[in-house]
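Student: Take a look at this one; I'll ask things after.
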Amino acid sequence: MLITNGTIVTLGRENRIIPNGAILMQGDKIVALGDSNHLITQFPNEDKLDARGKLVMPGNICAHTHFYGAFARGMSLPPGPPPKNFPEILQKLWWRIDRALTLEDSKYSALVCLVDAIRHGTTTLIDHHASPNAIDGSLDAVAEAVHEAGLRACLCYEVTDRNGEAGARAGIRENVRFLKEIGKQGNRETGGSVRATFGLHAAFTVSDKTLERCHAELDGMNAGFHVHVAEDISDEDDSVQNHRVRVVERLNARGVLGAKTIAAHCVHVDVGEIDLFKRTDTKVSHQPRSNMNNAVGVADVLGMLRYGVTVGLGNDGFSNNMFSEMKTAYLLHKSHRRDPRVMGADTVLEMAYANNAKICANFWDAPVGELSVGAYADIILLDYAPFTKLNAGNFPWHVIFGIDGSNVTHTICGGKLLMQDRELVSLDEEAIAAKAMELSRGVWQRVQELGDSVIG
């Protein structure tokens with residue numbers, strides 16, 4: 001397909017805007033981009049998609065999310081006082097809802113999130129799954145949803161000791177099985193869009209014995225970990241009290257850190273822990289909306305970036321409108337520092353595109369987050385008519401103050417058109433929503449029945 005007559009925003013190293021531009025896709029990659037008239041003349045027989053002046057830019061990336069939490073939307077908690085801190089939020093909400101999930105629930109909670117992602121122009125997502133009463137095959141269920149949606153995703157299962165040794169072993173087994181299966185599939189059509197990593201919940205729910213077992217199982221598999229780190233101060237308190245070291249030191253001593261590892265949140269890490277991230281090339285993901293919602297604090301993202309740590313942007317299961325996450329990141333750090341000069345729009349876009357692309361380079365063999373020859377053809381078209389000058393230099397501020405996921409009209413992933421003129425091409429959104437509604441009733445009922453039995 002040849003996309004023509006668009007205002008192309010390449011981002012990436014070239015970072016240029018091409019007026020009346022065109023992009024040629026062959027297979028799942030971009031093979032040419034430039035002036036529309038030139039490419040139409042050069043490739044006269046290609047199928048064409050007329051952008052009609054729309055913005056054409058890379059699909060967005062989410063560096064950390066939780067598809068499994070979708071059915072929590074609008075759910076009331078069991079009777080009692082509302083959770084007053086993060087440990088209580090885990091105990092009263094998330095550690096109930098994950099136990100209530102079946103394999104079918106896991107698939108459909110993923111599907112509704114993927115529909116949301118397509119609608120808002122997010123084409124690559126790194127998910128962290130949990131379903132303690134339906135562990136075996138759970139990553140296959142989520143992968144099935146990803147394949148049906150046509151998006152790009154990296155999956156893992158969260159290993160934890162909070163469900164006993166049998167639960168921890170089952171989580172390890174699911175990660176290892178899925179990593180091996182994805183490794184066998186390689187870049188075949190059945191596996192090219194889905195990748196795998198090794199999930200850990202968080203240091204405070206994983207024993208040294210389990211960490212060591214996970215590290216041993218991962219040996220020789222050319223993969224890293226995806227783990228929550230110091231999201232709340234309670235994680236650091238637990239580590240210091242029970243292990244006499246801080247969280248990141250403990251994880252590093254157990255072989256968890258490394259260039260292929262994603263450390264999510266990192267709200268309460270200190271300078272020594274940041275230094276460990278830098279020295280091990282561990283990647284960090286920042287989730288500002290979630291951190292604000294859980295009232296856990298504000299990560300020192302600016303400090304980590306200055307120190308040379310790769311910090312990307314995720315959503316922790318919030319809506320997959322990553323433009324909203326960018327706007328929140330822009331505002332949160334200004335408010336927190338009481339300084340309007342910090343966290344410029346250019347820094348936000350660096351996290352959302354360049355740094356997220358560096359994280360994704362651990363999983364896919366071609367670039368994402370940019371429009372360039374050889375990059376994956378993950379492309380979105382947006383109805384955005386700027387009423388002030390738009391150029392490569394000020395584009396980040398157009399994103400923060402103008403562009404939103406609601407502007408997305410077309411979503412393409414791996415060269416496949418998934419949404420055209422705001423209509424989903426291959427997914428039956430109405431049928432998915434109806435099935436999700438049916439399944440969510442069962443999940444809600446089981447959450448109520450679980451009550452306080454899951455609190456550890």
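A note on labels: chains of the structure tokens are A, B, ... as shown, every chain counts residues from 1, and ligands are counted from 1 in their shown order.
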Could you tell me, as a VMD selection string, which residues of range 107-213 of chain A DSSP assigns to strand (DSSP E or B) when given the backbone?
Tutor: chain A and resid 122 to 127 129 152 to 155 157 to 159 194 to 196 198 to 202
Student: Please identify all polymer residues within 10 Å of Ser106 in chain A, counting only C-alpha atoms, omitting same-chain residues fewer than 3 positions from it, and present them as a PyMOL selection string.
Tutor: chain A and resi 67-71+98+101-103+109-111+129-131+134+138-142+145+439
Student: Of the candidates A:Arg213, A:Ser193, A:His398, A:Leu302, which one gets nearest to Arg341 in chain A if we count only C-alpha atoms?
Tutor: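 With only C-alpha atoms as the atom set, the closest residue is A:Leu302.
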Student: Please determine, counting only C-alpha atoms, which residue among A:Asn242, A:Asn45, A:Asn222, A:Thr10 has the shortest atom-to-atom distance to Glu370 in chain A.
Tutor: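 Checking each of A:Asn242, A:Asn45, A:Asn222, A:Thr10 against Glu370 in chain A, counting only C-alpha atoms, the winner is A:Thr10.
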Student: For Trp364 in chain A, list every protein, DNA or RNA residue within 10 Å, evaluated using only C-alpha atoms, and leave out those in the same chain fewer than 6 positions away; present the list as a list in words.
Tutor: Arg152, Ala153, Cys154, Asn187, Gly192, Ser193, Val194, Arg195, Ala357 and Tyr376 of chain A
Student: Using only C-alpha atoms, please write the residues we just selected to a file, as a PDB file, in the first residue's frame.
Tutor:
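Printed below is part-v1.pdb as written:
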```pdb
ATOM      1  CA  ARG A 152       2.249  -5.911  18.416  1.00  0.00           C
ATOM      2  CA  ALA A 153       2.710  -7.052  22.034  1.00  0.00           C
ATOM      3  CA  CYS A 154       5.300  -8.494  24.406  1.00  0.00           C
ATOM      4  CA  ASN A 187       9.418 -14.337  12.869  1.00  0.00           C
ATOM      5  CA  GLY A 192       6.018 -12.266  14.535  1.00  0.00           C
ATOM      6  CA  SER A 193       3.794  -9.760  16.291  1.00  0.00           C
ATOM      7  CA  VAL A 194       4.034 -11.412  19.726  1.00  0.00           C
ATOM      8  CA  ARG A 195       7.172 -11.517  21.831  1.00  0.00           C
ATOM      9  CA  ALA A 357      11.658   2.220  20.879  1.00  0.00           C
ATOM     10  CA  TYR A 376       7.921  -1.629  10.932  1.00  0.00           C
TER      11      TYR A 376
END
```
Student: Please list as JSON, numbers by chain every residue within 12 Å of Val399 in chain A, counting only C-alpha atoms and excluding residues in the same chain fewer than 6 positions away.
Tutor: {"A": [9, 55, 57, 322, 323, 324, 325, 326, 327, 328, 330, 344, 345, 346, 348, 349, 352, 382, 384, 386, 390, 391, 392, 393, 405, 407]}
Student: Please, could you write that set of residues out with N, CA and C atoms as a compact mmCIF listing (two decimals), in the first residue's frame?
Tutor:
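Done, and the output landed in result-v1.txt:
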```
# COMPACT_ATOMS: atom_id res chain seq x y z
N VAL A 9 5.09 12.91 9.74
CA VAL A 9 5.95 13.23 10.87
C VAL A 9 6.78 11.98 11.15
N LEU A 55 -2.37 14.19 9.36
CA LEU A 55 -1.06 13.86 9.92
C LEU A 55 -0.83 12.36 9.78
N MET A 57 1.90 9.61 11.26
CA MET A 57 2.99 9.51 12.23
C MET A 57 3.12 8.08 12.73
N MET A 322 -2.25 6.81 24.58
CA MET A 322 -0.95 7.21 25.10
C MET A 322 -0.71 8.72 24.98
N PHE A 323 -1.50 9.39 24.16
CA PHE A 323 -1.41 10.85 24.13
C PHE A 323 -1.81 11.42 25.49
N SER A 324 -2.80 10.81 26.14
CA SER A 324 -3.20 11.25 27.48
C SER A 324 -2.08 11.03 28.48
N GLU A 325 -1.36 9.91 28.35
CA GLU A 325 -0.24 9.65 29.25
C GLU A 325 0.86 10.69 29.05
N MET A 326 1.11 11.08 27.80
CA MET A 326 2.13 12.09 27.52
C MET A 326 1.75 13.42 28.17
N LYS A 327 0.50 13.82 28.04
CA LYS A 327 0.06 15.10 28.61
C LYS A 327 0.18 15.08 30.13
N THR A 328 -0.16 13.94 30.73
CA THR A 328 -0.06 13.83 32.19
C THR A 328 1.38 13.91 32.65
N TYR A 330 3.79 15.45 31.20
CA TYR A 330 4.20 16.84 31.00
C TYR A 330 3.78 17.71 32.18
N GLY A 344 9.99 19.29 29.60
CA GLY A 344 9.51 19.89 28.37
C GLY A 344 8.80 18.87 27.49
N ALA A 345 8.03 19.34 26.56
CA ALA A 345 7.31 18.45 25.65
C ALA A 345 8.28 17.59 24.84
N ASP A 346 9.45 18.15 24.51
CA ASP A 346 10.43 17.37 23.77
C ASP A 346 10.94 16.19 24.59
N VAL A 348 9.18 14.64 26.95
CA VAL A 348 8.07 13.68 27.00
C VAL A 348 8.05 12.82 25.75
N LEU A 349 8.21 13.45 24.58
CA LEU A 349 8.20 12.67 23.34
C LEU A 349 9.42 11.79 23.21
N ALA A 352 8.35 8.79 25.10
CA ALA A 352 7.24 8.05 24.49
C ALA A 352 7.62 7.37 23.18
N LEU A 382 -4.11 10.96 11.53
CA LEU A 382 -4.89 11.76 12.47
C LEU A 382 -5.52 12.96 11.77
N TYR A 384 -5.99 16.25 12.21
CA TYR A 384 -5.51 17.37 13.01
C TYR A 384 -5.09 18.47 12.06
N PRO A 386 -3.61 21.96 12.11
CA PRO A 386 -3.01 22.98 12.97
C PRO A 386 -3.37 24.39 12.50
N LEU A 390 3.46 24.36 12.15
CA LEU A 390 3.89 23.06 12.66
C LEU A 390 5.17 22.66 11.97
N ASN A 391 6.21 22.38 12.77
CA ASN A 391 7.47 21.90 12.20
C ASN A 391 8.06 20.85 13.13
N ALA A 392 9.18 20.29 12.73
CA ALA A 392 9.79 19.22 13.53
C ALA A 392 10.18 19.71 14.91
N GLY A 393 10.55 20.98 15.02
CA GLY A 393 10.98 21.51 16.30
C GLY A 393 9.85 21.71 17.29
N GLY A 405 -5.65 11.13 21.05
CA GLY A 405 -6.05 9.86 20.45
C GLY A 405 -7.38 9.93 19.75
N ASN A 407 -8.20 12.02 17.71
CA ASN A 407 -7.96 12.48 16.34
C ASN A 407 -7.61 11.34 15.39
```
Student: Write out as a ChimeraX atom specification each polymer residue whose atoms come within 8 Å of Asn20 in chain A, counting only C-alpha atoms; drop sequence neighbours fewer than 3 positions from it.
Tutor: /A:4-8,35-36,53
Student: Could the residues in this selection be written to a file with C-alpha atoms, as a PDB file, in the first residue's frame?
Tutor:
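The resulting result.pdb:
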```
ATOM      1  CA  THR A   4      -0.269   9.526  -0.238  1.00  0.00           C
ATOM      2  CA  ASN A   5      -0.992  13.213   0.384  1.00  0.00           C
ATOM      3  CA  GLY A   6      -0.184  13.222   4.085  1.00  0.00           C
ATOM      4  CA  THR A   7       1.751  15.502   6.401  1.00  0.00           C
ATOM      5  CA  ILE A   8       4.335  12.933   7.451  1.00  0.00           C
ATOM      6  CA  ASP A  35       7.192  13.417  -1.828  1.00  0.00           C
ATOM      7  CA  SER A  36       3.778  12.097  -2.899  1.00  0.00           C
ATOM      8  CA  GLY A  53      -3.823  16.069   4.285  1.00  0.00           C
TER       9      GLY A  53
END
```
Student: Excluding Cys266 in chain A and residues on its chain fewer than 5 positions from it, collect all residues at most 9 Å away from it, counting only C-alpha atoms, and give them as a list in words.
Tutor: His228, Val229, Ala230, Glu231, Asp232, Val284, Ser285, His286, Ala299, Asp300 and Val301 of chain A
Student: With C-alpha atoms retained, could you export that selection as a compact mmCIF listing (two decimals), in the first residue's frame?
Tutor:
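Here's the written file out13.txt:
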```
# COMPACT_ATOMS: atom_id res chain seq x y z
CA HIS A 228 7.50 -3.71 39.38
CA VAL A 229 10.16 -1.82 41.33
CA ALA A 230 9.61 0.49 44.31
CA GLU A 231 6.17 1.54 43.08
CA ASP A 232 5.30 2.30 46.70
CA VAL A 284 12.62 1.91 33.29
CA SER A 285 8.96 2.61 32.48
CA HIS A 286 7.06 5.58 33.94
CA ALA A 299 9.28 9.13 40.25
CA ASP A 300 12.48 11.12 39.74
CA VAL A 301 12.24 10.70 35.99
```
Student: Which residues are near Lys416 in chain A? Cut-off 12 Å, only C-alpha atoms, ignore same chain within fewer than 4 positions. Put them as a list of chain:residue names.
Tutor: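 Using only C-alpha atoms, the neighbours found are A:Met1, A:Met25, A:Gln26, A:Gly27, A:Asp28, A:Lys29, A:Ile30, A:Ile118, A:Thr123, A:His147, A:Ala149, A:Gly150, A:Leu151, A:Arg152, A:Ser193, A:Tyr376, A:Ala377, A:Asp378, A:Ile379, A:Ile380, A:His410, A:Thr411, A:Ile412, A:Gln420, A:Leu424, A:Val425, A:Ser426.
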Student: For the residues in the current selection, export N, CA and C atoms as a CSV table (one decimal), in the first residue's frame.
Tutor:
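Produced file out.csv, reproduced below:
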```csv
chain,number,residue,atom,x,y,z
A,1,MET,N,0.8,-1.2,0.0
A,1,MET,CA,0.0,0.0,0.0
A,1,MET,C,0.9,1.2,0.0
A,25,MET,N,4.5,0.9,1.9
A,25,MET,CA,4.7,-0.3,2.7
A,25,MET,C,4.7,-1.6,1.9
A,26,GLN,N,5.6,-2.5,2.2
A,26,GLN,CA,5.6,-3.8,1.5
A,26,GLN,C,5.8,-4.8,2.6
A,27,GLY,N,4.9,-5.8,2.7
A,27,GLY,CA,5.0,-6.7,3.9
A,27,GLY,C,4.7,-5.9,5.1
A,28,ASP,N,5.5,-6.1,6.1
A,28,ASP,CA,5.3,-5.4,7.4
A,28,ASP,C,6.3,-4.3,7.6
A,29,LYS,N,7.0,-3.9,6.6
A,29,LYS,CA,8.0,-2.8,6.7
A,29,LYS,C,7.7,-1.6,5.8
A,30,ILE,N,8.3,-0.5,6.1
A,30,ILE,CA,8.3,0.7,5.3
A,30,ILE,C,9.5,0.6,4.3
A,118,ILE,N,-6.3,0.2,19.3
A,118,ILE,CA,-6.4,0.5,17.9
A,118,ILE,C,-7.1,1.8,17.7
A,123,THR,N,0.0,1.0,18.9
A,123,THR,CA,0.2,-0.2,18.0
A,123,THR,C,1.2,-1.3,18.7
A,147,HIS,N,-3.2,-11.6,18.4
A,147,HIS,CA,-3.2,-12.0,17.0
A,147,HIS,C,-4.5,-11.6,16.3
A,149,ALA,N,-6.4,-9.1,17.1
A,149,ALA,CA,-6.4,-7.7,16.9
A,149,ALA,C,-5.4,-7.2,15.9
A,150,GLY,N,-4.3,-7.9,15.7
A,150,GLY,CA,-3.3,-7.5,14.7
A,150,GLY,C,-2.3,-6.5,15.2
A,151,LEU,N,-2.2,-6.3,16.5
A,151,LEU,CA,-1.3,-5.4,17.1
A,151,LEU,C,0.0,-6.1,17.4
A,152,ARG,N,0.9,-5.4,18.0
A,152,ARG,CA,2.2,-5.9,18.4
A,152,ARG,C,2.3,-5.9,19.9
A,193,SER,N,4.3,-10.9,15.6
A,193,SER,CA,3.8,-9.8,16.3
A,193,SER,C,3.9,-9.9,17.8
A,376,TYR,N,9.2,-1.0,11.1
A,376,TYR,CA,7.9,-1.6,10.9
A,376,TYR,C,6.9,-0.6,10.5
A,377,ALA,N,6.0,-1.0,9.6
A,377,ALA,CA,4.9,-0.2,9.1
A,377,ALA,C,3.8,-0.1,10.1
A,378,ASP,N,4.1,0.5,11.3
A,378,ASP,CA,3.2,0.8,12.3
A,378,ASP,C,2.9,2.3,12.2
A,379,ILE,N,1.7,2.6,11.7
A,379,ILE,CA,1.5,4.0,11.2
A,379,ILE,C,0.0,4.4,11.6
A,380,ILE,N,-0.1,5.6,12.1
A,380,ILE,CA,-1.5,6.2,12.4
A,380,ILE,C,-1.7,7.5,11.6
A,410,HIS,N,-7.1,6.3,11.3
A,410,HIS,CA,-6.6,5.1,10.7
A,410,HIS,C,-5.5,4.5,11.5
A,411,THR,N,-5.5,3.2,11.7
A,411,THR,CA,-4.4,2.6,12.5
A,411,THR,C,-3.9,1.4,11.6
A,412,ILE,N,-2.6,1.4,11.4
A,412,ILE,CA,-1.9,0.3,10.6
A,412,ILE,C,-0.8,-0.3,11.5
A,420,GLN,N,-10.0,2.0,9.6
A,420,GLN,CA,-10.1,2.9,8.5
A,420,GLN,C,-11.3,3.9,8.7
A,424,LEU,N,-13.3,-0.1,12.8
A,424,LEU,CA,-12.4,-1.3,12.9
A,424,LEU,C,-12.6,-2.2,11.7
A,425,VAL,N,-11.5,-2.7,11.1
A,425,VAL,CA,-11.5,-3.5,9.9
A,425,VAL,C,-11.8,-4.9,10.2
A,426,SER,N,-11.0,-5.5,11.1
A,426,SER,CA,-11.1,-7.0,11.3
A,426,SER,C,-11.7,-7.4,12.6
```
Student: Quick one, how far is CA of Phe204 in chain A from CA of Gln91 in chain A?
Tutor: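 Pair CA of Phe204 in chain A / CA of Gln91 in chain A returns 13.6 Å.
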